[in-house]
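Data file: input_28.csv. Format and content: CSV, C-alpha atoms and all ligand atoms.
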```
chain,number,residue,atom,x,y,z
A,1425,MET,CA,128.8,-20.1,306.9
A,1426,THR,CA,126.6,-20.0,310.0
A,1427,SER,CA,123.5,-19.5,307.9
A,1428,ASP,CA,124.2,-22.8,306.1
A,1429,LEU,CA,123.9,-24.5,309.4
A,1430,ILE,CA,121.1,-22.6,311.1
A,1431,SER,CA,117.8,-21.5,309.6
A,1432,SER,CA,117.1,-17.8,309.3
A,1433,LYS,CA,114.3,-18.3,311.9
A,1434,GLU,CA,116.9,-19.7,314.4
A,1435,LEU,CA,119.3,-16.9,313.5
A,1436,SER,CA,116.7,-14.3,314.3
A,1437,LYS,CA,116.3,-15.7,317.7
A,1438,ILE,CA,120.0,-15.3,318.5
A,1439,ASP,CA,120.6,-11.8,317.2
A,1440,PRO,CA,122.7,-10.6,320.1
A,1441,VAL,CA,121.6,-7.0,320.5
A,1442,PHE,CA,119.1,-5.4,318.1
A,1443,GLY,CA,117.1,-8.6,317.9
A,1444,GLN,CA,116.7,-9.1,321.6
A,1445,LEU,CA,113.1,-8.8,322.7
A,1446,SER,CA,114.2,-6.5,325.5
A,1447,PHE,CA,116.1,-4.3,323.0
A,1448,ASP,CA,112.8,-2.4,322.3
A,1449,ASN,CA,114.3,0.4,320.3
A,1450,HIS,CA,117.1,1.5,322.6
A,1451,GLU,CA,118.9,4.5,321.2
A,1452,GLN,CA,122.4,3.5,322.4
A,1453,ILE,CA,124.1,0.8,324.3
A,1454,VAL,CA,127.7,1.3,325.6
A,1455,PHE,CA,130.0,-1.6,326.6
A,1456,CYS,CA,132.7,-0.5,329.0
A,1457,ASN,CA,135.8,-2.5,329.6
A,1458,ASP,CA,138.9,-1.7,331.7
A,1459,LYS,CA,141.6,-4.2,332.2
A,1460,ASP,CA,143.4,-2.5,335.1
A,1461,THR,CA,140.4,-2.1,337.4
A,1462,GLY,CA,138.5,-5.2,336.1
A,1463,LEU,CA,135.6,-3.0,335.1
A,1464,LYS,CA,133.0,-4.7,332.8
A,1465,ALA,CA,129.9,-2.6,332.5
A,1466,ILE,CA,127.0,-1.9,330.1
A,1467,ILE,CA,125.1,1.4,329.9
A,1468,GLY,CA,121.7,1.3,328.2
A,1469,ILE,CA,120.2,4.5,326.9
A,1470,HIS,CA,116.6,3.6,325.9
A,1471,ASN,CA,115.0,7.0,325.1
A,1472,THR,CA,116.0,10.6,325.5
A,1473,VAL,CA,112.9,12.4,324.1
A,1474,LEU,CA,111.8,13.8,327.4
A,1475,GLY,CA,115.4,14.6,328.6
A,1476,PRO,CA,118.7,13.0,329.5
A,1477,ALA,CA,118.5,9.3,330.3
A,1478,LEU,CA,118.7,9.0,334.1
A,1479,GLY,CA,118.9,5.7,335.9
A,1480,GLY,CA,120.9,3.9,338.5
A,1481,THR,CA,123.9,1.6,338.3
A,1482,ARG,CA,123.5,-2.0,339.5
A,1483,MET,CA,126.4,-4.2,340.4
A,1484,TRP,CA,125.6,-7.9,340.3
A,1485,ALA,CA,127.4,-11.1,339.8
A,1486,TYR,CA,125.5,-12.2,336.7
A,1487,ASN,CA,125.9,-15.8,335.6
A,1488,ASN,CA,126.8,-14.6,332.1
A,1489,GLU,CA,126.9,-11.5,329.9
A,1490,TRP,CA,123.6,-12.3,328.3
A,1491,GLU,CA,121.9,-12.0,331.7
A,1492,ALA,CA,123.7,-8.7,332.3
A,1493,LEU,CA,122.7,-7.3,328.9
A,1494,ASN,CA,119.1,-8.4,329.2
A,1495,ASP,CA,118.9,-6.9,332.7
A,1496,VAL,CA,120.2,-3.5,331.6
A,1497,LEU,CA,117.9,-3.4,328.6
A,1498,ARG,CA,114.9,-4.2,330.7
A,1499,LEU,CA,115.8,-1.8,333.4
A,1500,SER,CA,116.6,1.2,331.1
A,1501,ARG,CA,113.4,0.7,329.2
A,1502,GLY,CA,111.5,0.8,332.5
A,1503,MET,CA,113.2,4.1,333.5
A,1504,THR,CA,111.8,5.7,330.3
A,1505,PHE,CA,108.3,4.9,331.4
A,1506,LYS,CA,108.9,5.6,335.1
A,1507,SER,CA,110.0,9.2,334.4
A,1508,ALA,CA,107.3,9.7,331.8
A,1509,ILE,CA,104.5,8.6,334.0
A,1510,THR,CA,105.8,10.6,337.0
A,1511,GLY,CA,105.9,13.8,334.8
A,1512,LEU,CA,109.7,14.3,335.0
A,1513,ASN,CA,111.6,15.7,332.1
A,1514,LEU,CA,114.0,12.7,331.9
A,1515,GLY,CA,114.6,9.9,329.5
A,1516,GLY,CA,115.4,6.3,330.4
A,1517,GLY,CA,118.8,4.7,331.0
A,1518,LYS,CA,120.5,2.3,333.3
A,1519,ALA,CA,123.9,0.7,333.8
A,1520,VAL,CA,125.1,-2.6,335.1
A,1521,ILE,CA,128.5,-3.5,336.4
A,1522,ILE,CA,129.3,-7.2,336.1
A,1523,GLY,CA,130.8,-8.4,339.4
A,1524,ASP,CA,130.2,-9.0,343.1
A,1525,ALA,CA,129.7,-5.7,344.9
A,1526,LYS,CA,131.0,-7.1,348.1
A,1527,THR,CA,134.4,-8.3,346.8
A,1528,GLN,CA,135.0,-6.6,343.5
A,1529,LYS,CA,134.0,-3.0,344.0
A,1530,THR,CA,136.9,-0.6,344.5
A,1531,PRO,CA,137.1,3.2,344.3
A,1532,GLU,CA,139.3,2.8,341.2
A,1533,LEU,CA,136.7,0.7,339.5
A,1534,MET,CA,134.0,3.2,340.4
A,1535,ARG,CA,136.1,6.1,339.1
A,1536,LYS,CA,136.8,4.3,335.8
A,1537,PHE,CA,133.0,3.7,335.5
A,1538,GLY,CA,132.5,7.4,336.1
A,1539,GLU,CA,134.9,8.3,333.3
A,1540,PHE,CA,132.8,6.2,330.9
A,1541,VAL,CA,129.6,8.0,332.1
A,1542,HIS,CA,131.4,11.3,331.5
A,1543,SER,CA,132.4,10.3,328.0
A,1544,LEU,CA,128.6,10.4,327.1
A,1545,SER,CA,128.5,14.1,327.9
A,1546,GLY,CA,125.3,14.0,329.9
A,1547,ARG,CA,123.2,11.9,327.6
A,1548,TYR,CA,123.2,9.4,330.5
A,1549,ILE,CA,123.2,10.4,334.2
A,1550,THR,CA,123.8,7.8,336.7
A,1551,ALA,CA,122.5,7.1,340.3
A,1552,GLU,CA,122.4,4.3,342.9
A,1553,ASP,CA,120.9,0.9,342.4
A,1554,VAL,CA,121.4,-2.6,343.9
A,1555,GLY,CA,125.0,-3.1,345.0
A,1556,MET,CA,125.7,0.6,345.1
A,1557,THR,CA,125.8,3.2,348.0
A,1558,THR,CA,125.7,6.9,348.3
A,1559,ALA,CA,129.4,6.8,349.0
A,1560,ASP,CA,130.0,5.1,345.6
A,1561,MET,CA,128.1,7.9,343.9
A,1562,ASP,CA,130.4,10.4,345.7
A,1563,THR,CA,133.3,8.5,344.2
A,1564,VAL,CA,131.8,8.8,340.7
A,1565,ARG,CA,131.2,12.5,341.3
A,1566,GLU,CA,135.0,12.9,341.6
A,1567,VAL,CA,135.3,12.4,337.8
A,1568,THR,CA,131.9,13.5,336.4
A,1569,PRO,CA,129.0,15.8,337.2
A,1570,TYR,CA,126.7,13.4,335.5
A,1571,VAL,CA,125.7,11.6,338.7
A,1572,THR,CA,122.9,12.0,341.2
A,1573,GLY,CA,122.2,10.6,344.6
A,1574,ILE,CA,125.4,12.0,346.1
A,1575,SER,CA,125.6,12.8,349.8
A,1576,GLU,CA,123.7,15.6,351.3
A,1577,SER,CA,127.0,17.0,352.7
A,1578,LYS,CA,128.2,17.2,349.1
A,1579,GLY,CA,125.1,19.0,347.9
A,1580,GLY,CA,123.1,16.0,346.8
A,1581,ALA,CA,119.7,14.8,347.8
A,1582,GLY,CA,121.2,11.8,349.7
A,1583,ASN,CA,120.0,8.2,349.8
A,1584,PRO,CA,116.9,7.8,347.6
A,1585,SER,CA,115.8,4.5,349.2
A,1586,PRO,CA,113.6,5.9,352.0
A,1587,ILE,CA,111.7,8.1,349.5
A,1588,THR,CA,111.3,5.1,347.2
A,1589,ALA,CA,109.9,3.1,350.1
A,1590,TYR,CA,107.5,5.9,350.9
A,1591,GLY,CA,106.3,6.0,347.3
A,1592,VAL,CA,105.8,2.2,347.3
A,1593,PHE,CA,103.8,2.6,350.5
A,1594,MET,CA,101.6,5.2,348.8
A,1595,GLY,CA,101.1,2.9,345.8
A,1596,MET,CA,100.2,0.0,348.2
A,1597,LYS,CA,97.7,2.1,350.0
A,1598,ALA,CA,96.1,3.1,346.7
A,1599,ALA,CA,95.9,-0.5,345.8
A,1600,ALA,CA,94.2,-1.4,349.1
A,1601,LYS,CA,91.8,1.5,348.6
A,1602,PHE,CA,90.9,0.1,345.1
A,1603,LYS,CA,90.7,-3.5,346.3
A,1604,TYR,CA,89.2,-3.2,349.7
A,1605,GLY,CA,87.6,0.2,349.7
A,1606,SER,CA,89.9,1.5,352.5
A,1607,ASP,CA,93.6,2.4,352.3
A,1608,ILE,CA,94.2,1.5,356.0
A,1609,LEU,CA,96.8,-1.4,356.1
A,1610,GLU,CA,96.3,-2.2,359.7
A,1611,ASP,CA,96.0,-6.0,360.2
A,1612,LYS,CA,96.7,-6.7,356.5
A,1613,SER,CA,99.2,-9.5,356.0
A,1614,VAL,CA,102.1,-8.2,353.9
A,1615,PHE,CA,105.1,-10.2,352.8
A,1616,VAL,CA,108.2,-8.1,352.1
A,1617,GLN,CA,110.6,-10.0,350.0
A,1618,GLY,CA,114.1,-8.4,350.2
A,1619,ILE,CA,114.8,-6.1,353.2
A,1620,GLY,CA,117.6,-4.1,351.7
A,1621,HIS,CA,117.6,-0.3,351.6
A,1622,VAL,CA,114.1,0.0,350.3
A,1623,GLY,CA,112.6,-3.1,351.9
A,1624,GLU,CA,113.6,-2.1,355.4
A,1625,SER,CA,112.2,1.4,355.1
A,1626,LEU,CA,108.9,-0.1,353.8
A,1627,VAL,CA,108.7,-2.4,356.8
A,1628,GLU,CA,109.0,0.6,359.0
A,1629,HIS,CA,106.0,2.3,357.3
A,1630,LEU,CA,104.0,-0.9,357.4
A,1631,THR,CA,104.6,-1.6,361.1
A,1632,ASN,CA,103.8,2.0,362.0
A,1633,GLU,CA,100.4,1.4,360.4
A,1634,GLY,CA,99.9,-1.9,362.2
A,1635,ALA,CA,100.2,-4.2,359.3
A,1636,ASN,CA,101.1,-7.8,359.9
A,1637,VAL,CA,104.5,-8.0,358.3
A,1638,THR,CA,106.6,-11.1,357.3
A,1639,ILE,CA,110.0,-10.7,355.9
A,1640,ALA,CA,112.1,-12.8,353.5
A,1641,ASP,CA,115.7,-12.4,352.4
A,1642,ILE,CA,118.7,-14.4,351.4
A,1643,ASN,CA,120.8,-12.6,353.9
A,1644,GLN,CA,120.2,-14.2,357.3
A,1645,GLU,CA,122.0,-11.4,359.2
A,1646,ARG,CA,119.8,-8.7,357.7
A,1647,LEU,CA,116.7,-10.8,358.5
A,1648,GLU,CA,117.6,-11.1,362.2
A,1649,GLU,CA,118.5,-7.4,362.4
A,1650,VAL,CA,115.3,-6.1,360.8
A,1651,SER,CA,113.1,-8.7,362.6
A,1652,SER,CA,114.3,-7.6,366.0
A,1653,LYS,CA,114.2,-3.8,365.1
A,1654,TYR,CA,110.6,-3.8,364.0
A,1655,ASN,CA,109.3,-6.9,365.7
A,1656,VAL,CA,108.3,-8.7,362.5
A,1657,ALA,CA,108.2,-12.4,361.6
A,1658,ILE,CA,110.9,-14.0,359.5
A,1659,TYR,CA,109.5,-16.3,356.8
A,1660,LYS,CA,110.7,-19.9,357.6
A,1661,GLY,CA,109.1,-21.8,354.7
A,1662,ASN,CA,110.7,-22.6,351.4
A,1663,ASP,CA,108.2,-21.3,348.9
A,1664,ILE,CA,106.9,-17.8,349.6
A,1665,TYR,CA,104.8,-17.9,346.5
A,1666,SER,CA,102.6,-20.6,347.9
A,1667,GLU,CA,101.8,-18.7,351.1
A,1668,SER,CA,98.4,-17.1,351.6
A,1669,MET,CA,98.8,-13.3,352.1
A,1670,ASP,CA,96.9,-10.1,351.5
A,1671,ILE,CA,99.8,-8.2,349.9
A,1672,TYR,CA,103.0,-9.4,348.3
A,1673,ALA,CA,105.7,-6.7,348.2
A,1674,PRO,CA,108.7,-7.8,346.0
A,1675,CYS,CA,111.6,-5.6,347.0
A,1676,ALA,CA,114.6,-7.8,345.9
A,1677,LEU,CA,115.2,-8.4,342.2
A,1678,GLY,CA,112.8,-8.5,339.2
A,1679,ALA,CA,110.9,-11.2,337.3
A,1680,THR,CA,109.5,-12.9,340.4
A,1681,ILE,CA,106.1,-13.0,338.7
A,1682,ASN,CA,106.8,-15.7,336.2
A,1683,ASP,CA,105.6,-19.0,334.7
A,1684,ASP,CA,106.7,-20.9,337.8
A,1685,THR,CA,105.2,-18.6,340.5
A,1686,ILE,CA,102.1,-17.0,339.0
A,1687,ASN,CA,99.7,-19.9,339.4
A,1688,LYS,CA,100.7,-20.5,343.0
A,1689,LEU,CA,100.3,-16.9,344.2
A,1690,ARG,CA,97.6,-16.4,346.7
A,1691,ALA,CA,97.7,-12.6,347.3
A,1692,ASP,CA,95.1,-9.9,346.6
A,1693,ILE,CA,97.6,-7.3,345.7
A,1694,ILE,CA,101.2,-7.1,344.4
A,1695,ALA,CA,102.9,-3.8,345.3
A,1696,GLY,CA,106.6,-3.6,345.7
A,1697,ALA,CA,109.8,-1.8,344.8
A,1698,ALA,CA,111.6,-4.2,342.6
A,1699,ASN,CA,111.9,-3.2,339.0
A,1700,ASN,CA,110.5,-5.4,336.2
A,1701,GLN,CA,108.5,-7.7,338.5
A,1702,LEU,CA,106.6,-9.3,335.6
A,1703,ALA,CA,108.9,-11.7,333.7
A,1704,ASP,CA,106.6,-11.2,330.7
A,1705,GLU,CA,104.7,-7.9,330.9
A,1706,SER,CA,101.8,-8.8,328.7
A,1707,LYS,CA,101.4,-12.5,329.4
A,1708,HIS,CA,101.8,-12.3,333.2
A,1709,GLY,CA,100.0,-9.0,333.5
A,1710,ARG,CA,97.0,-10.6,331.8
A,1711,MET,CA,97.2,-13.7,334.0
A,1712,LEU,CA,97.2,-11.6,337.2
A,1713,GLN,CA,94.2,-9.7,335.9
A,1714,ASP,CA,92.4,-13.0,335.1
A,1715,ARG,CA,93.1,-14.3,338.6
A,1716,GLY,CA,91.8,-11.1,340.2
A,1717,ILE,CA,95.2,-10.1,341.7
A,1718,LEU,CA,95.6,-6.4,341.6
A,1719,TYR,CA,99.1,-5.4,340.3
A,1720,ALA,CA,100.4,-1.9,341.1
A,1721,PRO,CA,102.9,-1.3,338.2
A,1722,ASP,CA,106.4,-1.3,339.6
A,1723,PHE,CA,107.7,1.6,337.4
A,1724,LEU,CA,104.9,3.8,338.8
A,1725,ILE,CA,105.0,3.1,342.5
A,1726,ASN,CA,108.8,2.9,342.9
A,1727,ALA,CA,109.4,6.3,341.3
A,1728,GLY,CA,110.2,8.0,344.7
A,1729,GLY,CA,113.9,7.4,344.2
A,1730,ILE,CA,114.0,9.2,340.8
A,1731,ILE,CA,111.8,12.0,342.2
A,1732,ASN,CA,114.4,12.4,344.9
A,1733,VAL,CA,117.4,12.5,342.6
A,1734,TYR,CA,115.7,14.7,340.1
A,1735,ALA,CA,115.6,17.3,342.8
A,1736,GLU,CA,119.3,17.6,342.4
A,1737,LEU,CA,118.9,18.6,338.8
A,1738,GLU,CA,115.9,20.8,339.2
A,1739,ASN,CA,116.9,22.3,342.6
A,1740,TYR,CA,113.7,21.6,344.4
A,1741,GLY,CA,113.6,20.8,348.1
A,1742,LYS,CA,112.4,18.1,350.5
A,1743,GLN,CA,108.8,19.4,350.6
A,1744,GLU,CA,108.4,19.1,346.8
A,1745,ILE,CA,110.0,15.7,346.9
A,1746,ILE,CA,107.4,14.5,349.4
A,1747,ARG,CA,104.5,16.2,347.5
A,1748,LYS,CA,105.5,14.5,344.2
A,1749,THR,CA,106.0,11.2,346.0
A,1750,GLU,CA,102.6,11.3,347.7
A,1751,ASN,CA,101.0,12.0,344.3
A,1752,ILE,CA,101.9,8.4,343.4
A,1753,TYR,CA,98.8,7.5,345.4
A,1754,ASN,CA,96.6,9.5,343.0
A,1755,THR,CA,98.3,8.3,339.9
A,1756,THR,CA,98.0,4.7,341.0
A,1757,LEU,CA,94.3,5.1,341.6
A,1758,GLU,CA,93.9,6.7,338.1
A,1759,ILE,CA,95.7,3.8,336.5
A,1760,PHE,CA,93.5,1.3,338.2
A,1761,GLU,CA,90.4,3.2,337.2
A,1762,GLY,CA,91.7,3.4,333.6
A,1763,ALA,CA,92.5,-0.3,333.5
A,1764,LYS,CA,88.9,-1.1,334.7
A,1765,GLN,CA,87.2,1.2,332.2
A,1766,ASN,CA,89.2,0.0,329.2
A,1767,ASN,CA,89.4,-3.6,330.3
A,1768,VAL,CA,93.2,-3.7,330.0
A,1769,THR,CA,95.8,-4.8,332.5
A,1770,THR,CA,97.1,-2.2,335.0
A,1771,ASN,CA,100.5,-2.4,333.4
A,1772,VAL,CA,99.1,-1.6,330.0
A,1773,SER,CA,97.0,1.2,331.5
A,1774,ALA,CA,100.2,2.8,333.0
A,1775,LEU,CA,102.3,2.3,329.9
A,1776,ARG,CA,99.7,4.0,327.7
A,1777,ILE,CA,99.9,7.2,329.7
A,1778,ALA,CA,103.7,7.1,329.7
A,1779,LYS,CA,103.9,6.5,326.0
A,1780,ASP,CA,101.3,9.2,325.2
A,1781,ARG,CA,103.5,11.7,327.1
A,1782,ILE,CA,106.5,10.8,325.0
A,1783,GLU,CA,104.7,10.9,321.7
A,1784,THR,CA,103.2,14.3,322.5
A,1785,ARG,CA,106.6,15.7,323.3
A,1786,LYS,CA,108.0,14.1,320.1
A,1787,LYS,CA,105.4,15.9,318.1
A,1788,GLU,CA,106.1,19.2,319.9
A,1789,GLN,CA,109.8,18.7,319.0
A,1790,GLY,CA,108.7,18.2,315.3
A,1791,LYS,CA,110.1,14.7,315.3
B,1,LIG,P1,119.4,-3.6,348.1
B,1,LIG,O1,120.5,-4.2,347.4
B,1,LIG,O2,119.6,-2.7,349.2
B,1,LIG,O3,118.4,-4.8,348.7
B,1,LIG,C1,118.0,-5.9,348.0
B,1,LIG,C2,117.8,-7.0,349.1
B,1,LIG,O4,117.2,-8.1,348.4
B,1,LIG,C3,119.0,-7.5,349.8
B,1,LIG,O5,118.8,-7.5,351.2
B,1,LIG,C4,119.2,-8.9,349.2
B,1,LIG,O6,119.9,-9.7,350.1
B,1,LIG,C5,117.8,-9.3,348.9
B,1,LIG,N1,117.7,-10.4,348.0
B,1,LIG,C6,118.4,-10.6,346.8
B,1,LIG,N2,117.9,-11.7,346.2
B,1,LIG,C7,116.9,-12.2,347.0
B,1,LIG,C8,116.0,-13.3,346.9
B,1,LIG,N3,116.1,-14.1,345.9
B,1,LIG,N4,115.1,-13.4,347.8
B,1,LIG,C9,115.0,-12.6,348.9
B,1,LIG,N5,115.8,-11.5,349.0
B,1,LIG,C10,116.7,-11.3,348.1
B,1,LIG,O7,118.5,-2.9,347.0
B,1,LIG,P2,117.4,-1.8,347.2
B,1,LIG,O8,118.0,-0.5,346.9
B,1,LIG,O9,116.6,-2.0,348.5
B,1,LIG,O10,116.4,-2.1,346.0
B,1,LIG,C11,115.5,-3.1,346.0
B,1,LIG,C12,114.7,-3.2,344.7
B,1,LIG,O11,114.1,-2.0,344.4
B,1,LIG,C13,115.7,-3.4,343.4
B,1,LIG,O12,115.0,-4.2,342.5
B,1,LIG,C14,115.8,-2.0,342.9
B,1,LIG,O13,116.1,-2.0,341.5
B,1,LIG,C15,114.5,-1.4,343.2
B,1,LIG,N6,114.5,0.0,343.3
B,1,LIG,C16,115.3,0.6,344.2
B,1,LIG,C17,115.2,2.0,344.3
B,1,LIG,C18,116.1,2.7,345.3
B,1,LIG,O14,115.8,3.9,345.6
B,1,LIG,N7,117.0,2.1,346.0
B,1,LIG,C19,114.4,2.8,343.4
B,1,LIG,C20,113.6,2.1,342.5
B,1,LIG,C21,113.7,0.7,342.4
```

I'd like the structure from this file rewritten - as structure tokens, please.
Amino acid sequence: MTSDLISSKELSKIDPVFGQLSFDNHEQIVFCNDKDTGLKAIIGIHNTVLGPALGGTRMWAYNNEWEALNDVLRLSRGMTFKSAITGLNLGGGKAVIIGDAKTQKTPELMRKFGEFVHSLSGRYITAEDVGMTTADMDTVREVTPYVTGISESKGGAGNPSPITAYGVFMGMKAAAKFKYGSDILEDKSVFVQGIGHVGESLVEHLTNEGANVTIADINQERLEEVSSKYNVAIYKGNDIYSESMDIYAPCALGATINDDTINKLRADIIAGAANNQLADESKHGRMLQDRGILYAPDFLINAGGIINVYAELENYGKQEIIRKTENIYNTTLEIFEGAKQNNVTTNVSALRIAKDRIETRKKEQGK
């Protein structure tokens, strides 16, 4: 009936799941619903060749379910490549809970979500993301062992955000080294967009090094708190993308490098914590390259958090966490060199290495 009204070309555009551009060969997608707690969640398992799919849970008041599905697919795919490039034996997965974390999150809802995670028998292991706290992971732990990022007092590696911020700082320094010949960030102007768990910690590293930091956030209270704590400027304008800066550090949500912003950007470097910063990886990656803006791939430099939670599975300590996180500096430089030599974008350069590792493991497994 529908095909009589809509051409097959049009239909292909609206394939709800497998046809989505961001689907990109996901192994499994799980829709979770619970009437009593109001839970509506989606778990995406992108790839498990290197190991169980590990990735955080995000709670966000999406405008509609399409947005939520698209977000989880993009995020879980990113986790596959993040773990692969970082050398971890983990696959890629992610979960989103649809709702406002401030008003709709309850312990009952978190436990019910944990039960859904448990039903996957370890194919997916969860962790913290936007809208989640370490305490929420502790609640999930009550019903399933397939969760990381639980409190140190409960045997976990604790809040991953400071380590994520440290890794971003390492990636940013590597970018400065490549762009300016020195990795010292003193006097560089850095715009940190989003001063949540990761952003604030990044501000601390930057101010310790003497960078000239400006912060932006939609939360006025946070802005004032962080501004007075670290003595940094609050952005007062209404279009951060038009500002002149040395380094733009997106630490809020993804896709801020898009058709509307990319031509306005006046930064030398983009290095931040947000996942999926490029709305369209190939198009916007290429446009940044053409404009001479050095992009430190997000999935590479924000891997500190996953290195931290992986410690819970592999039983390594703080020293090894720091060593692996500091290595982000070297990997980032290698990616930049590879991109230059092969005349590809930095994103493509990073993806190639990640994909090679997965393909090699697949062959070893005889698949
Ligand atoms: P968070 O929720 O603690 O902080 C996000 C901050 O961004 C909040 O202060 C929020 O008010 C602000 N924000 C939201 N929309 C904004 C907008 N349009 N403009 C300006 N500010 C805005 O989250 P987080 O844990 O700090 O994570 C930040 C980003 O880093 C996310 O994209 C997350 O996926 C990514 N990331 C986090 C980790 C981690 O260890 N927490 C690891 C890897 C990647």

Using only C-alpha atoms and all ligand atoms, which protein or nucleic acid residues are at most 7 Å from ligand LIG 1 (chain B), as a compact mmCIF listing (two decimals) with C-alpha atoms, in the coordinates of the input?
```txt
# COMPACT_ATOMS: atom_id res chain seq x y z
CA GLU A 1552 122.40 4.30 342.90
CA ASP A 1553 120.90 0.90 342.40
CA VAL A 1554 121.40 -2.60 343.90
CA GLY A 1555 125.00 -3.10 345.00
CA PRO A 1584 116.90 7.80 347.60
CA SER A 1585 115.80 4.50 349.20
CA THR A 1588 111.30 5.10 347.20
CA GLN A 1617 110.60 -10.00 350.00
CA GLY A 1618 114.10 -8.40 350.20
CA ILE A 1619 114.80 -6.10 353.20
CA GLY A 1620 117.60 -4.10 351.70
CA HIS A 1621 117.60 -0.30 351.60
CA VAL A 1622 114.10 0.00 350.30
CA GLY A 1623 112.60 -3.10 351.90
CA ALA A 1640 112.10 -12.80 353.50
CA ASP A 1641 115.70 -12.40 352.40
CA ILE A 1642 118.70 -14.40 351.40
CA ASN A 1643 120.80 -12.60 353.90
CA ARG A 1646 119.80 -8.70 357.70
CA CYS A 1675 111.60 -5.60 347.00
CA ALA A 1676 114.60 -7.80 345.90
CA LEU A 1677 115.20 -8.40 342.20
CA GLY A 1678 112.80 -8.50 339.20
CA ALA A 1697 109.80 -1.80 344.80
CA ALA A 1698 111.60 -4.20 342.60
CA ASN A 1699 111.90 -3.20 339.00
CA ASN A 1726 108.80 2.90 342.90
CA ALA A 1727 109.40 6.30 341.30
CA GLY A 1728 110.20 8.00 344.70
CA GLY A 1729 113.90 7.40 344.20
CA ILE A 1730 114.00 9.20 340.80
```

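Relative to CA of Asp1495 (chain A), CA of Ala1508 (chain A) is found at 20.3 Å.
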
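Separating CA of Arg1501 (chain A) from CA of Gly1579 (chain A) is a distance of 28.7 Å.
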
With all atoms listed in the file as the basis for distance, which of A:Asn1682, A:Gln1528, A:Asn1513, A:Ser1577 is at the shortest distance from Lys1464 (chain A)? A:Gln1528

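Residue nearest Ile1725 (chain A) within the list A:Ile1509, A:His1708, A:Glu1788, A:Leu1689: A:Ile1509 [criterion: smallest interatomic distance, all atoms listed in the file].
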
Subset file as a short mmCIF file (atom, residue, chain, number, x, y, z; two decimals), in the first residue's frame: region 1673-1685 of chain A, N, CA and C atoms:
```
data_model
loop_
_atom_site.label_atom_id
_atom_site.label_comp_id
_atom_site.auth_asym_id
_atom_site.auth_seq_id
_atom_site.Cartn_x
_atom_site.Cartn_y
_atom_site.Cartn_z
N ALA A 1673 37.49 23.52 22.15
CA ALA A 1673 37.36 22.22 22.85
C ALA A 1673 35.88 21.92 23.13
N PRO A 1674 35.23 21.17 22.20
CA PRO A 1674 33.83 20.84 22.43
C PRO A 1674 33.70 19.75 23.51
N CYS A 1675 33.09 20.09 24.62
CA CYS A 1675 32.94 19.13 25.72
C CYS A 1675 31.49 19.03 26.18
N ALA A 1676 30.56 19.33 25.26
CA ALA A 1676 29.14 19.20 25.61
C ALA A 1676 28.57 18.02 24.82
N LEU A 1677 27.77 18.32 23.82
CA LEU A 1677 27.23 17.22 23.01
C LEU A 1677 27.88 17.21 21.63
N GLY A 1678 27.53 16.20 20.82
CA GLY A 1678 28.19 16.01 19.53
C GLY A 1678 27.65 16.91 18.42
N ALA A 1679 28.21 16.69 17.22
CA ALA A 1679 27.75 17.33 15.96
C ALA A 1679 27.79 18.85 15.98
N THR A 1680 28.72 19.44 16.75
CA THR A 1680 28.80 20.91 16.73
C THR A 1680 29.59 21.40 15.51
N ILE A 1681 30.31 20.48 14.85
CA ILE A 1681 30.97 20.84 13.59
C ILE A 1681 30.02 20.40 12.49
N ASN A 1682 29.28 21.34 11.96
CA ASN A 1682 28.24 20.98 10.99
C ASN A 1682 28.15 22.05 9.90
N ASP A 1683 27.18 21.90 9.01
CA ASP A 1683 27.05 22.83 7.88
C ASP A 1683 26.92 24.29 8.33
N ASP A 1684 26.28 24.48 9.46
CA ASP A 1684 26.04 25.87 9.93
C ASP A 1684 27.28 26.50 10.56
N THR A 1685 28.12 25.66 11.20
CA THR A 1685 29.21 26.24 11.99
C THR A 1685 30.56 26.23 11.27
#
```
